[in-house]
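As provided, protein-v6.cif (mmCIF, C-alpha atoms and all ligand atoms) reads as follows.
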data_query
loop_
_atom_site.label_atom_id
_atom_site.label_comp_id
_atom_site.auth_asym_id
_atom_site.auth_seq_id
_atom_site.Cartn_x
_atom_site.Cartn_y
_atom_site.Cartn_z
CA MET A 1 165.34 -51.07 -282.85
CA THR A 2 164.78 -51.08 -279.11
CA ALA A 3 166.56 -49.94 -275.98
CA HIS A 4 168.17 -53.42 -275.95
CA SER A 5 169.23 -53.81 -279.59
CA ARG A 6 172.59 -55.44 -280.24
CA VAL A 7 175.39 -53.02 -280.99
CA ALA A 8 178.90 -53.28 -282.44
CA VAL A 9 181.36 -50.49 -281.68
CA LEU A 10 184.27 -50.40 -284.15
CA GLY A 11 187.17 -48.43 -282.72
CA ALA A 12 187.98 -48.41 -279.01
CA GLY A 13 189.95 -45.15 -278.82
CA SER A 14 188.93 -42.36 -276.43
CA LEU A 15 185.49 -41.88 -277.99
CA GLY A 16 184.73 -45.49 -278.99
CA ALA A 17 185.57 -46.75 -275.49
CA VAL A 18 183.09 -44.44 -273.73
CA ILE A 19 180.46 -45.14 -276.39
CA ALA A 20 180.84 -48.91 -275.82
CA ARG A 21 180.68 -48.35 -272.07
CA ALA A 22 177.44 -46.32 -272.41
CA PHE A 23 175.70 -48.91 -274.61
CA ALA A 24 176.66 -51.70 -272.21
CA ALA A 25 175.53 -49.65 -269.19
CA ALA A 26 172.15 -49.10 -270.86
CA GLY A 27 171.69 -52.86 -271.27
CA HIS A 28 172.59 -53.28 -274.95
CA PRO A 29 174.48 -56.48 -275.77
CA THR A 30 177.63 -54.74 -277.04
CA THR A 31 180.56 -56.04 -279.04
CA VAL A 32 183.78 -54.03 -279.42
CA TRP A 33 186.48 -54.33 -282.02
CA ASN A 34 189.72 -52.36 -282.31
CA ARG A 35 192.56 -52.60 -284.83
CA THR A 36 195.01 -53.05 -281.97
CA PRO A 37 193.45 -55.77 -279.77
CA THR A 38 195.16 -54.73 -276.51
CA ARG A 39 192.86 -51.70 -276.24
CA VAL A 40 189.80 -53.95 -276.36
CA ASP A 41 191.33 -56.42 -273.92
CA ARG A 42 191.84 -53.60 -271.42
CA LEU A 43 188.29 -52.32 -271.93
CA VAL A 44 186.68 -55.74 -271.53
CA ALA A 45 188.73 -56.36 -268.38
CA GLU A 46 187.17 -53.18 -267.00
CA ILE A 47 183.63 -53.76 -268.35
CA PRO A 48 182.94 -57.51 -268.41
CA GLU A 49 179.51 -57.00 -270.08
CA LEU A 50 181.34 -56.13 -273.32
CA ARG A 51 182.25 -58.83 -275.81
CA ALA A 52 185.63 -58.51 -277.54
CA ALA A 53 185.47 -59.23 -281.28
CA THR A 54 188.48 -60.72 -283.01
CA SER A 55 187.72 -59.19 -286.42
CA VAL A 56 185.32 -56.71 -288.00
CA PRO A 57 183.09 -59.49 -289.44
CA ASP A 58 183.09 -61.17 -286.01
CA ALA A 59 181.95 -57.88 -284.44
CA LEU A 60 179.13 -57.51 -286.94
CA ALA A 61 177.66 -61.00 -286.45
CA ASP A 62 174.12 -60.65 -285.11
CA VAL A 63 174.10 -56.89 -284.51
CA ASP A 64 171.47 -54.31 -285.52
CA LEU A 65 173.51 -51.15 -285.03
CA VAL A 66 177.12 -50.54 -286.06
CA VAL A 67 178.92 -47.56 -284.55
CA LEU A 68 182.20 -46.29 -285.98
CA ALA A 69 184.64 -44.14 -283.99
CA VAL A 70 188.04 -44.39 -285.67
CA ALA A 71 190.69 -41.82 -286.50
CA ASP A 72 189.63 -40.52 -289.91
CA ALA A 73 187.94 -41.26 -293.24
CA THR A 74 190.81 -43.53 -294.36
CA ALA A 75 190.32 -45.63 -291.23
CA VAL A 76 186.54 -45.76 -291.81
CA ALA A 77 187.14 -46.96 -295.39
CA ALA A 78 189.51 -49.67 -294.14
CA VAL A 79 186.95 -50.86 -291.57
CA LEU A 80 184.12 -50.87 -294.14
CA ASP A 81 186.34 -52.83 -296.57
CA ALA A 82 186.86 -55.44 -293.86
CA ALA A 83 183.16 -55.48 -292.96
CA GLY A 84 181.83 -56.66 -296.32
CA PRO A 85 178.07 -56.40 -296.98
CA LEU A 86 176.26 -54.61 -294.15
CA GLY A 87 172.76 -55.93 -294.92
CA SER A 88 170.02 -54.11 -293.02
CA ARG A 89 172.25 -52.88 -290.21
CA VAL A 90 172.20 -49.18 -289.39
CA VAL A 91 175.68 -47.62 -289.49
CA VAL A 92 176.37 -44.56 -287.36
CA ASN A 93 179.70 -42.85 -287.94
CA PHE A 94 181.07 -40.53 -285.25
CA THR A 95 184.48 -40.25 -286.95
CA SER A 96 185.24 -36.65 -287.98
CA THR A 97 185.22 -36.32 -291.78
CA THR A 98 185.17 -33.48 -294.30
CA PRO A 99 181.85 -32.74 -296.10
CA GLU A 100 183.14 -34.49 -299.27
CA GLN A 101 184.25 -37.55 -297.28
CA THR A 102 180.88 -37.64 -295.47
CA ARG A 103 178.99 -37.60 -298.77
CA ALA A 104 181.21 -40.36 -300.18
CA LEU A 105 180.62 -42.52 -297.09
CA ALA A 106 176.86 -41.94 -297.26
CA ASP A 107 176.90 -42.96 -300.96
CA ARG A 108 178.93 -46.04 -300.13
CA VAL A 109 176.75 -47.30 -297.23
CA GLY A 110 173.38 -46.10 -298.59
CA PRO A 111 170.23 -45.01 -296.76
CA ARG A 112 171.12 -46.95 -293.61
CA TYR A 113 174.00 -44.51 -292.97
CA LEU A 114 173.77 -41.85 -290.27
CA ASP A 115 176.50 -39.31 -289.75
CA GLY A 116 176.88 -38.53 -286.06
CA ALA A 117 178.46 -35.64 -284.17
CA ALA A 118 179.48 -36.21 -280.55
CA MET A 119 178.94 -32.66 -279.32
CA SER A 120 179.88 -33.21 -275.69
CA GLY A 121 183.32 -34.75 -276.22
CA THR A 122 183.88 -37.88 -274.19
CA ARG A 123 182.83 -36.32 -270.89
CA LEU A 124 179.05 -36.67 -271.09
CA VAL A 125 178.71 -39.83 -273.20
CA GLY A 126 176.00 -41.92 -271.52
CA ASP A 127 174.75 -38.95 -269.50
CA PRO A 128 171.17 -37.82 -270.29
CA THR A 129 172.51 -34.29 -271.00
CA GLY A 130 175.23 -35.44 -273.45
CA LEU A 131 174.37 -34.10 -276.92
CA PHE A 132 174.60 -36.13 -280.12
CA LEU A 133 173.52 -34.84 -283.52
CA TYR A 134 172.61 -37.08 -286.44
CA ALA A 135 172.17 -36.56 -290.17
CA GLY A 136 170.68 -38.99 -292.65
CA ALA A 137 167.41 -40.56 -293.78
CA ALA A 138 164.56 -39.72 -291.39
CA ASP A 139 163.26 -43.31 -291.23
CA THR A 140 166.75 -44.65 -290.45
CA PHE A 141 167.14 -42.16 -287.62
CA ALA A 142 163.65 -42.95 -286.28
CA GLU A 143 164.54 -46.65 -286.25
CA ALA A 144 167.89 -46.19 -284.51
CA GLU A 145 166.85 -43.47 -282.06
CA PRO A 146 165.68 -45.73 -279.19
CA ALA A 147 169.12 -47.34 -279.12
CA LEU A 148 171.02 -44.07 -279.67
CA ARG A 149 169.38 -42.60 -276.57
CA ALA A 150 171.80 -44.77 -274.56
CA LEU A 151 174.46 -42.17 -275.43
CA GLY A 152 172.47 -39.07 -274.41
CA ILE A 153 170.24 -36.64 -276.30
CA ALA A 154 169.72 -37.95 -279.86
CA ARG A 155 168.76 -35.13 -282.19
CA ALA A 156 168.32 -35.27 -285.99
CA VAL A 157 169.51 -32.11 -287.78
CA GLY A 158 168.72 -32.97 -291.39
CA THR A 159 168.62 -35.59 -294.09
CA ASP A 160 171.70 -34.22 -295.90
CA PRO A 161 174.49 -36.43 -294.54
CA GLY A 162 176.74 -33.35 -294.16
CA ALA A 163 174.32 -31.61 -291.77
CA ALA A 164 175.69 -33.08 -288.53
CA SER A 165 179.24 -31.91 -289.22
CA LEU A 166 177.98 -28.48 -290.36
CA TRP A 167 176.14 -28.04 -287.04
CA ASP A 168 179.13 -29.41 -285.15
CA THR A 169 181.49 -26.91 -286.81
CA ALA A 170 179.18 -23.91 -286.41
CA LEU A 171 178.40 -24.66 -282.76
CA LEU A 172 182.10 -25.01 -281.94
CA GLY A 173 182.15 -21.21 -282.31
CA LEU A 174 179.53 -20.96 -279.55
CA ASN A 175 181.64 -23.04 -277.18
CA LEU A 176 184.78 -21.05 -278.00
CA GLY A 177 182.92 -17.74 -277.64
CA VAL A 178 181.68 -18.67 -274.16
CA LEU A 179 185.07 -19.98 -273.04
CA GLY A 180 186.97 -17.05 -274.58
CA ALA A 181 184.68 -14.57 -272.81
CA PHE A 182 185.14 -16.50 -269.56
CA TYR A 183 188.95 -16.33 -269.84
CA GLN A 184 188.65 -12.59 -270.53
CA ALA A 185 186.44 -12.11 -267.44
CA VAL A 186 188.96 -14.06 -265.32
CA ALA A 187 191.75 -11.77 -266.55
CA ILE A 188 189.75 -8.60 -265.86
CA ILE A 189 188.46 -9.60 -262.42
CA GLY A 190 191.67 -11.25 -261.23
CA GLY A 191 191.81 -13.40 -258.10
CA SER A 192 190.35 -16.89 -258.09
CA ALA A 193 189.34 -18.19 -261.53
CA LEU A 194 187.22 -20.80 -259.75
CA ASP A 195 185.18 -18.04 -258.09
CA VAL A 196 184.63 -16.44 -261.51
CA ALA A 197 183.63 -19.85 -262.89
CA GLU A 198 181.02 -20.30 -260.16
CA VAL A 199 179.47 -16.86 -260.66
CA ALA A 200 179.64 -17.21 -264.47
CA THR A 201 177.79 -20.53 -264.21
CA GLN A 202 175.06 -18.76 -262.22
CA TYR A 203 174.94 -16.02 -264.88
CA LEU A 204 174.75 -18.34 -267.90
CA PRO A 205 171.07 -19.38 -267.57
CA PHE A 206 170.19 -15.73 -268.24
CA ALA A 207 172.32 -15.74 -271.41
CA THR A 208 171.06 -19.13 -272.63
CA GLY A 209 167.51 -17.95 -271.90
CA LEU A 210 168.02 -15.25 -274.54
CA LEU A 211 168.87 -17.76 -277.27
CA VAL A 212 165.33 -18.96 -277.93
CA ASP A 213 163.89 -15.43 -277.80
CA HIS A 214 166.52 -14.11 -280.17
CA GLY A 215 166.14 -17.16 -282.43
CA ARG A 216 162.44 -16.32 -282.74
CA GLN A 217 163.28 -12.67 -283.51
CA ILE A 218 165.82 -13.62 -286.19
CA ASP A 219 163.36 -16.04 -287.86
CA ALA A 220 160.74 -13.27 -287.87
CA GLY A 221 163.24 -10.64 -289.10
CA GLU A 222 162.17 -8.39 -286.19
CA TYR A 223 164.68 -7.15 -283.63
CA PRO A 224 162.92 -5.50 -280.68
CA ASP A 225 165.09 -3.63 -278.18
CA ASP A 226 163.50 -5.44 -275.16
CA ASP A 227 166.96 -6.35 -273.84
CA GLY A 228 168.51 -3.01 -274.82
CA SER A 229 169.08 -1.25 -278.15
CA LEU A 230 172.36 -1.46 -280.07
CA ALA A 231 173.08 2.14 -279.03
CA VAL A 232 172.80 1.08 -275.37
CA TYR A 233 174.96 -2.00 -275.96
CA ALA A 234 177.58 0.09 -277.79
CA ALA A 235 178.08 2.20 -274.64
CA ALA A 236 178.22 -0.89 -272.39
CA VAL A 237 180.71 -2.61 -274.68
CA ASP A 238 182.91 0.51 -274.80
CA HIS A 239 182.89 0.49 -271.01
CA LEU A 240 183.98 -3.19 -270.99
CA ILE A 241 186.83 -2.49 -273.44
CA ALA A 242 187.98 0.55 -271.40
CA THR A 243 187.91 -1.48 -268.16
CA ALA A 244 189.95 -4.30 -269.75
CA THR A 245 192.45 -1.82 -271.20
CA ASP A 246 192.82 -0.02 -267.82
CA ARG A 247 193.76 -3.35 -266.29
CA GLY A 248 196.18 -4.29 -269.07
CA VAL A 249 193.90 -7.06 -270.37
CA ALA A 250 193.50 -7.77 -274.10
CA SER A 251 189.89 -7.32 -275.16
CA ASP A 252 190.12 -8.60 -278.74
CA LEU A 253 186.98 -10.75 -278.40
CA THR A 254 184.85 -7.83 -277.26
CA VAL A 255 186.43 -5.50 -279.85
CA ALA A 256 185.23 -7.97 -282.51
CA VAL A 257 181.66 -7.71 -281.18
CA ARG A 258 182.01 -3.89 -281.01
CA THR A 259 183.01 -3.90 -284.70
CA LEU A 260 179.82 -5.78 -285.55
CA ILE A 261 177.75 -3.33 -283.50
CA THR A 262 179.33 -0.37 -285.34
CA ARG A 263 178.53 -1.97 -288.69
CA ALA A 264 174.93 -2.66 -287.62
CA VAL A 265 174.47 0.89 -286.27
CA ASP A 266 175.88 2.28 -289.56
CA ALA A 267 173.39 0.06 -291.40
CA GLY A 268 170.52 1.74 -289.51
CA HIS A 269 169.98 -0.66 -286.58
CA ALA A 270 170.87 1.71 -283.69
CA ASP A 271 167.36 1.43 -282.22
CA ASP A 272 167.08 -2.32 -282.82
CA GLY A 273 168.01 -5.08 -280.38
CA LEU A 274 171.19 -7.13 -280.31
CA SER A 275 169.81 -9.90 -282.54
CA SER A 276 169.92 -7.42 -285.47
CA LEU A 277 173.67 -8.22 -285.61
CA THR A 278 172.67 -11.23 -287.74
CA GLU A 279 171.80 -8.71 -290.48
CA VAL A 280 175.46 -7.70 -290.80
CA LEU A 281 176.81 -11.23 -290.29
CA ARG A 282 174.94 -12.71 -293.23
N1 LIG A 301 187.51 -37.80 -278.41
C1 LIG A 301 186.54 -36.92 -278.57
O1 LIG A 301 186.14 -36.20 -277.62
C2 LIG A 301 185.82 -36.80 -279.89
C3 LIG A 301 184.66 -36.01 -279.97
C4 LIG A 301 184.02 -35.90 -281.21
C5 LIG A 301 184.53 -36.55 -282.33
N2 LIG A 301 185.67 -37.30 -282.21
C6 LIG A 301 186.17 -37.98 -283.41
O2 LIG A 301 186.09 -39.37 -283.19
C7 LIG A 301 187.17 -40.03 -283.88
C8 LIG A 301 187.93 -40.89 -282.86
O3 LIG A 301 188.46 -40.01 -281.89
P1 LIG A 301 189.21 -40.60 -280.62
O4 LIG A 301 189.40 -39.43 -279.70
O5 LIG A 301 188.53 -41.82 -280.12
O6 LIG A 301 190.62 -40.99 -281.26
P2 LIG A 301 191.76 -41.95 -280.67
O7 LIG A 301 191.62 -42.10 -279.20
O8 LIG A 301 193.04 -41.47 -281.22
O9 LIG A 301 191.42 -43.36 -281.34
C9 LIG A 301 191.56 -43.54 -282.72
C10 LIG A 301 191.00 -44.92 -283.06
O10 LIG A 301 191.08 -45.08 -284.47
C11 LIG A 301 191.66 -46.35 -284.72
N3 LIG A 301 192.30 -46.37 -286.03
C12 LIG A 301 193.22 -45.50 -286.52
N4 LIG A 301 193.54 -45.84 -287.79
C13 LIG A 301 192.83 -46.94 -288.10
C14 LIG A 301 192.73 -47.75 -289.26
N5 LIG A 301 193.43 -47.50 -290.37
N6 LIG A 301 191.88 -48.81 -289.23
C15 LIG A 301 191.15 -49.07 -288.11
N7 LIG A 301 191.22 -48.35 -286.98
C16 LIG A 301 192.04 -47.28 -286.98
C17 LIG A 301 192.64 -46.54 -283.59
O11 LIG A 301 192.99 -47.89 -283.50
P3 LIG A 301 194.41 -48.35 -282.81
O12 LIG A 301 194.15 -48.46 -281.35
O13 LIG A 301 194.69 -49.63 -283.48
O14 LIG A 301 195.41 -47.26 -283.15
C18 LIG A 301 191.79 -46.06 -282.42
O15 LIG A 301 190.86 -47.03 -282.00
C19 LIG A 301 188.03 -38.92 -284.50
O16 LIG A 301 187.67 -38.76 -285.85
C20 LIG A 301 187.64 -37.70 -283.68
O17 LIG A 301 187.82 -36.50 -284.40
C21 LIG A 301 186.32 -37.43 -281.02
#
Could you quickly redo this structure as C-alpha cells?
Amino acid sequence: MTAHSRVAVLGAGSLGAVIARAFAAAGHPTTVWNRTPTRVDRLVAEIPELRAATSVPDALADVDLVVLAVADATAVAAVLDAAGPLGSRVVVNFTSTTPEQTRALADRVGPRYLDGAAMSGTRLVGDPTGLFLYAGAADTFAEAEPALRALGIARAVGTDPGAASLWDTALLGLNLGVLGAFYQAVAIIGGSALDVAEVATQYLPFATGLLVDHGRQIDAGEYPDDDGSLAVYAAAVDHLIATATDRGVASDLTVAVRTLITRAVDAGHADDGLSSLTEVLR
C-alpha cells in the first residue's frame, strides 16, 4: 500500500467524516458510504474529492483499504454482511467494541483485520500529532501503515486484536488524571481558568519528560529518588491537600495518590522514588 492507495470509509458519522476528509486531503482516492445517504451527500458537497458510494459493495469496488467507523459491533456486523467477500483488502475498524466483540470480528475477517483506536478524538484526525493505535498481524500493519499515516501517528501495539482497545482504555485514565488535576488546580488557584491552562501547558513538558525516565525505572525494577523520595512527596502532597481544604476545594484526586504513597511507604519504599508506586498498584 502507498500514500495514494484507494480507500473506502464506511460510516460518515463524527469520526468517519473526519477520517474520510483526512484521507482525501492526503491524496488518497476516497469513497464514502453511510447507512443514511444524506450524511454522505453533505460531506461530498463540502469535500468534492470524495466519491459517494450508493451501497457497501459499491464503496468496496477497487479499494485496497476499508475503514469502518460505525456505532457499535452490531453495526459493524451489518456492514460486513452487506460487504460480502473482502478478498485481499485490509480492514481497519475504529468502531469501539468490547474485547470479546473485537476477537469475534478478527476471527470473522481474518489476518487482514486491524483493530484501530482513535486516541485523539476527532480533533486531530489528519494532523501529524493525532495518535492512532493498531492491533493485528504485523505484516498487515506494515502493509497498511503508509496509507494510515494520512490520519496521523500510526503505531502498532500488538498482534492480539484486543491490544488497541486495551491501550485505549488504560490511557483514558492518563487523560482523565491530567484533566482532573487541572480542574483541581483551577479550583485552588481561582481567577482565570485560561491563565491556569496556559501555565499548566508550560508545566506539562516537565511532567511528560518524567514518563520515559520512570518507564525505564519500572522496567528495571529500580526506583531511584532522583526526583524526590516518597517521604518527600508525602509531605508535599499533604501540603497540597491542606491548601485545597483551607480553600474549601475537594482534593479527592490527590487524596487517592496520598493513599498509594502511604501504602508504598508501609511496604518499605519511603526512600524510593515516585515510580515505586507501581509496586503497590500491581
Ligand atoms: N467521535 C469520536 O471522537 C470517537 C473517537 C474514538 C472512537 N470512536 C468510536 O467510533 C465509532 C463511531 O463514532 P462516531 O462519533 O462517528 O458516531 P456517530 O457520529 O454517532 O456516527 C455513528 C455512525 O454509525 C452509523 N450506524 C449506526 N448503526 C448502523 C448500522 N446498523 N449499520 C450501519 N451504520 C450504522 C451511523 O449511520 P446513520 O447516519 O445512518 O445513523 C453513523 O454513520 C463509535 O464506536 C465510537 O465509540 C469515536
Per residue of chain A within 10 Å of ligand LIG 301 (chain A), record the nearest atom pair and its distance in Å to one decimal, counting all atoms listed in the file, with rows in chain order and ascending residue number, as JSON lines.
{"residue": "A:Leu10", "atom": "CA", "partner": "A:LIG301", "partner_atom": "O15", "distance": 7.7}
{"residue": "A:Gly11", "atom": "CA", "partner": "A:LIG301", "partner_atom": "O15", "distance": 4.0}
{"residue": "A:Ala12", "atom": "CA", "partner": "A:LIG301", "partner_atom": "O15", "distance": 4.4}
{"residue": "A:Gly13", "atom": "CA", "partner": "A:LIG301", "partner_atom": "O9", "distance": 3.4}
{"residue": "A:Ser14", "atom": "CA", "partner": "A:LIG301", "partner_atom": "O5", "distance": 3.8}
{"residue": "A:Leu15", "atom": "CA", "partner": "A:LIG301", "partner_atom": "O5", "distance": 3.7}
{"residue": "A:Gly16", "atom": "CA", "partner": "A:LIG301", "partner_atom": "O5", "distance": 5.4}
{"residue": "A:Ala17", "atom": "CA", "partner": "A:LIG301", "partner_atom": "O5", "distance": 7.4}
{"residue": "A:Val18", "atom": "CA", "partner": "A:LIG301", "partner_atom": "O5", "distance": 8.8}
{"residue": "A:Ile19", "atom": "CA", "partner": "A:LIG301", "partner_atom": "O5", "distance": 9.5}
{"residue": "A:Trp33", "atom": "CA", "partner": "A:LIG301", "partner_atom": "O15", "distance": 8.5}
{"residue": "A:Asn34", "atom": "CA", "partner": "A:LIG301", "partner_atom": "O15", "distance": 5.5}
{"residue": "A:Arg35", "atom": "CA", "partner": "A:LIG301", "partner_atom": "O13", "distance": 3.9}
{"residue": "A:Thr36", "atom": "CA", "partner": "A:LIG301", "partner_atom": "O13", "distance": 3.8}
{"residue": "A:Pro37", "atom": "CA", "partner": "A:LIG301", "partner_atom": "O13", "distance": 7.3}
{"residue": "A:Thr38", "atom": "CA", "partner": "A:LIG301", "partner_atom": "O12", "distance": 8.0}
{"residue": "A:Arg39", "atom": "CA", "partner": "A:LIG301", "partner_atom": "O12", "distance": 6.2}
{"residue": "A:Val40", "atom": "CA", "partner": "A:LIG301", "partner_atom": "O12", "distance": 8.6}
{"residue": "A:Val56", "atom": "CA", "partner": "A:LIG301", "partner_atom": "C15", "distance": 9.6}
{"residue": "A:Leu68", "atom": "CA", "partner": "A:LIG301", "partner_atom": "C7", "distance": 8.3}
{"residue": "A:Ala69", "atom": "CA", "partner": "A:LIG301", "partner_atom": "C8", "distance": 4.8}
{"residue": "A:Val70", "atom": "CA", "partner": "A:LIG301", "partner_atom": "O10", "distance": 3.3}
{"residue": "A:Ala71", "atom": "CA", "partner": "A:LIG301", "partner_atom": "O10", "distance": 3.9}
{"residue": "A:Asp72", "atom": "CA", "partner": "A:LIG301", "partner_atom": "O16", "distance": 4.8}
{"residue": "A:Ala73", "atom": "CA", "partner": "A:LIG301", "partner_atom": "O16", "distance": 7.8}
{"residue": "A:Thr74", "atom": "CA", "partner": "A:LIG301", "partner_atom": "N5", "distance": 6.2}
{"residue": "A:Ala75", "atom": "CA", "partner": "A:LIG301", "partner_atom": "N5", "distance": 3.7}
{"residue": "A:Val76", "atom": "CA", "partner": "A:LIG301", "partner_atom": "N6", "distance": 6.7}
{"residue": "A:Ala77", "atom": "CA", "partner": "A:LIG301", "partner_atom": "N6", "distance": 8.0}
{"residue": "A:Ala78", "atom": "CA", "partner": "A:LIG301", "partner_atom": "N6", "distance": 5.5}
{"residue": "A:Val79", "atom": "CA", "partner": "A:LIG301", "partner_atom": "C15", "distance": 5.7}
{"residue": "A:Leu80", "atom": "CA", "partner": "A:LIG301", "partner_atom": "N6", "distance": 9.4}
{"residue": "A:Ala82", "atom": "CA", "partner": "A:LIG301", "partner_atom": "N6", "distance": 9.5}
{"residue": "A:Asn93", "atom": "CA", "partner": "A:LIG301", "partner_atom": "O2", "distance": 8.7}
{"residue": "A:Phe94", "atom": "CA", "partner": "A:LIG301", "partner_atom": "O2", "distance": 5.5}
{"residue": "A:Thr95", "atom": "CA", "partner": "A:LIG301", "partner_atom": "O16", "distance": 3.7}
{"residue": "A:Ser96", "atom": "CA", "partner": "A:LIG301", "partner_atom": "O16", "distance": 3.9}
{"residue": "A:Thr97", "atom": "CA", "partner": "A:LIG301", "partner_atom": "O16", "distance": 6.9}
{"residue": "A:Gly116", "atom": "CA", "partner": "A:LIG301", "partner_atom": "C5", "distance": 8.7}
{"residue": "A:Ala117", "atom": "CA", "partner": "A:LIG301", "partner_atom": "C4", "distance": 6.3}
{"residue": "A:Ala118", "atom": "CA", "partner": "A:LIG301", "partner_atom": "C4", "distance": 4.6}
{"residue": "A:Met119", "atom": "CA", "partner": "A:LIG301", "partner_atom": "C4", "distance": 6.3}
{"residue": "A:Ser120", "atom": "CA", "partner": "A:LIG301", "partner_atom": "C3", "distance": 7.0}
{"residue": "A:Gly121", "atom": "CA", "partner": "A:LIG301", "partner_atom": "O1", "distance": 3.5}
{"residue": "A:Thr122", "atom": "CA", "partner": "A:LIG301", "partner_atom": "O1", "distance": 4.4}
{"residue": "A:Arg123", "atom": "CA", "partner": "A:LIG301", "partner_atom": "O1", "distance": 7.5}
{"residue": "A:Leu124", "atom": "CA", "partner": "A:LIG301", "partner_atom": "O1", "distance": 9.7}
{"residue": "A:Val125", "atom": "CA", "partner": "A:LIG301", "partner_atom": "O1", "distance": 9.4}
{"residue": "A:Phe132", "atom": "CA", "partner": "A:LIG301", "partner_atom": "C4", "distance": 9.5}
{"residue": "A:Ser165", "atom": "CA", "partner": "A:LIG301", "partner_atom": "C5", "distance": 9.8}
{"residue": "A:Asp168", "atom": "CA", "partner": "A:LIG301", "partner_atom": "C4", "distance": 9.0}
Selection near Leu133 in chain A, 12 Å with all atoms listed in the file, sequence-local residues under 5 positions removed, as an MDAnalysis selection string: chainID A and resid 92:94 114:120 141 145 148:149 151:159 161:169 171
Taking into account all atoms listed in the file, which residue in the set A:Ser192, A:Thr201, A:Thr102, A:Thr2 is nearest to Ala142 in chain A? A:Thr2
Write out as a short mmCIF file (atom, residue, chain, number, x, y, z; two decimals) with C-alpha atoms, in the coordinates of the input which residues come within 12 Å of Asp213 in chain A when counting all atoms listed in the file, dropping same-chain ones fewer than 3 positions away.
data_model
loop_
_atom_site.label_atom_id
_atom_site.label_comp_id
_atom_site.auth_asym_id
_atom_site.auth_seq_id
_atom_site.Cartn_x
_atom_site.Cartn_y
_atom_site.Cartn_z
CA PHE A 206 170.19 -15.73 -268.24
CA ALA A 207 172.32 -15.74 -271.41
CA THR A 208 171.06 -19.13 -272.63
CA GLY A 209 167.51 -17.95 -271.90
CA LEU A 210 168.02 -15.25 -274.54
CA ARG A 216 162.44 -16.32 -282.74
CA GLN A 217 163.28 -12.67 -283.51
CA ILE A 218 165.82 -13.62 -286.19
CA ASP A 219 163.36 -16.04 -287.86
CA ALA A 220 160.74 -13.27 -287.87
CA GLU A 222 162.17 -8.39 -286.19
CA TYR A 223 164.68 -7.15 -283.63
CA PRO A 224 162.92 -5.50 -280.68
CA ASP A 225 165.09 -3.63 -278.18
CA ASP A 226 163.50 -5.44 -275.16
CA ASP A 227 166.96 -6.35 -273.84
CA GLY A 273 168.01 -5.08 -280.38
CA LEU A 274 171.19 -7.13 -280.31
CA SER A 275 169.81 -9.90 -282.54
#
Spatial neighbours of Ala264 in chain A, 8 Å, all atoms listed in the file, chain gap at least 6 places, as a tab-separated table (two decimals) with C-alpha atoms, in the frame of the given file:
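Contents of out_34.tsv, freshly written:
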chain	number	residue	atom	x	y	z
A	270	ALA	CA	170.87	1.71	-283.69
A	276	SER	CA	169.92	-7.42	-285.47
A	277	LEU	CA	173.67	-8.22	-285.61
A	279	GLU	CA	171.80	-8.71	-290.48
A	280	VAL	CA	175.46	-7.70	-290.80
For CA of Asp271 in chain A and CA of Ile188 in chain A, the interatomic separation in Å (one decimal): 29.5 Å
Please determine an axis-aligned box that encloses all atoms of range 229-232 of chain A listed in the file, with 8 Å added on each side, and express its centre and edge lengths in Å to one decimal as lines of an AutoDock Vina configuration file.
center_x = 171.1
center_y = 0.3
center_z = -277.7
size_x = 20.0
size_y = 19.6
size_z = 20.7
Counting only C-alpha atoms, closest pick from A:Leu194, A:Leu230, A:Ala150, A:Val255 relative to Ala242 in chain A is A:Val255
Contacts of Thr254 in chain A at 10 Å or less, counting all atoms listed in the file, minus same-chain residues fewer than 3 places along, as JSON, numbers by chain? {"A": [180, 181, 184, 237, 238, 240, 241, 244, 250, 251, 257, 258, 259, 260]}
Residues just named, written with C-alpha atoms as a JSON list (two decimals), in the frame of the given file:
[["chain", "number", "residue", "atom", "x", "y", "z"],
["A", 180, "GLY", "CA", 186.97, -17.05, -274.58],
["A", 181, "ALA", "CA", 184.68, -14.57, -272.81],
["A", 184, "GLN", "CA", 188.65, -12.59, -270.53],
["A", 237, "VAL", "CA", 180.71, -2.61, -274.68],
["A", 238, "ASP", "CA", 182.91, 0.51, -274.80],
["A", 240, "LEU", "CA", 183.98, -3.19, -270.99],
["A", 241, "ILE", "CA", 186.83, -2.49, -273.44],
["A", 244, "ALA", "CA", 189.95, -4.30, -269.75],
["A", 250, "ALA", "CA", 193.50, -7.77, -274.10],
["A", 251, "SER", "CA", 189.89, -7.32, -275.16],
["A", 257, "VAL", "CA", 181.66, -7.71, -281.18],
["A", 258, "ARG", "CA", 182.01, -3.89, -281.01],
["A", 259, "THR", "CA", 183.01, -3.90, -284.70],
["A", 260, "LEU", "CA", 179.82, -5.78, -285.55]]
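CA of Glu143 in chain A sits 25.8 Å away from CA of Thr98 in chain A.
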Pick from A:Met1, A:Arg21, A:Gly177, A:Gly84, whichever lies nearest to Asp139 in chain A using all atoms listed in the file: A:Met1
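CA of Pro146 in chain A is positioned 8.7 Å from CA of His4 in chain A.
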Top pick for closest residue to Arg89 in chain A, considering A:Ala53, A:Ala20, A:Ala197, A:Val7 and counting all atoms listed in the file: A:Val7
Who sits within 8 Å of Leu50 in chain A, all atoms listed in the file, same chain under 4 positions skipped, as an MDAnalysis selection string: chainID A and resid 20:21 24 29:32 44
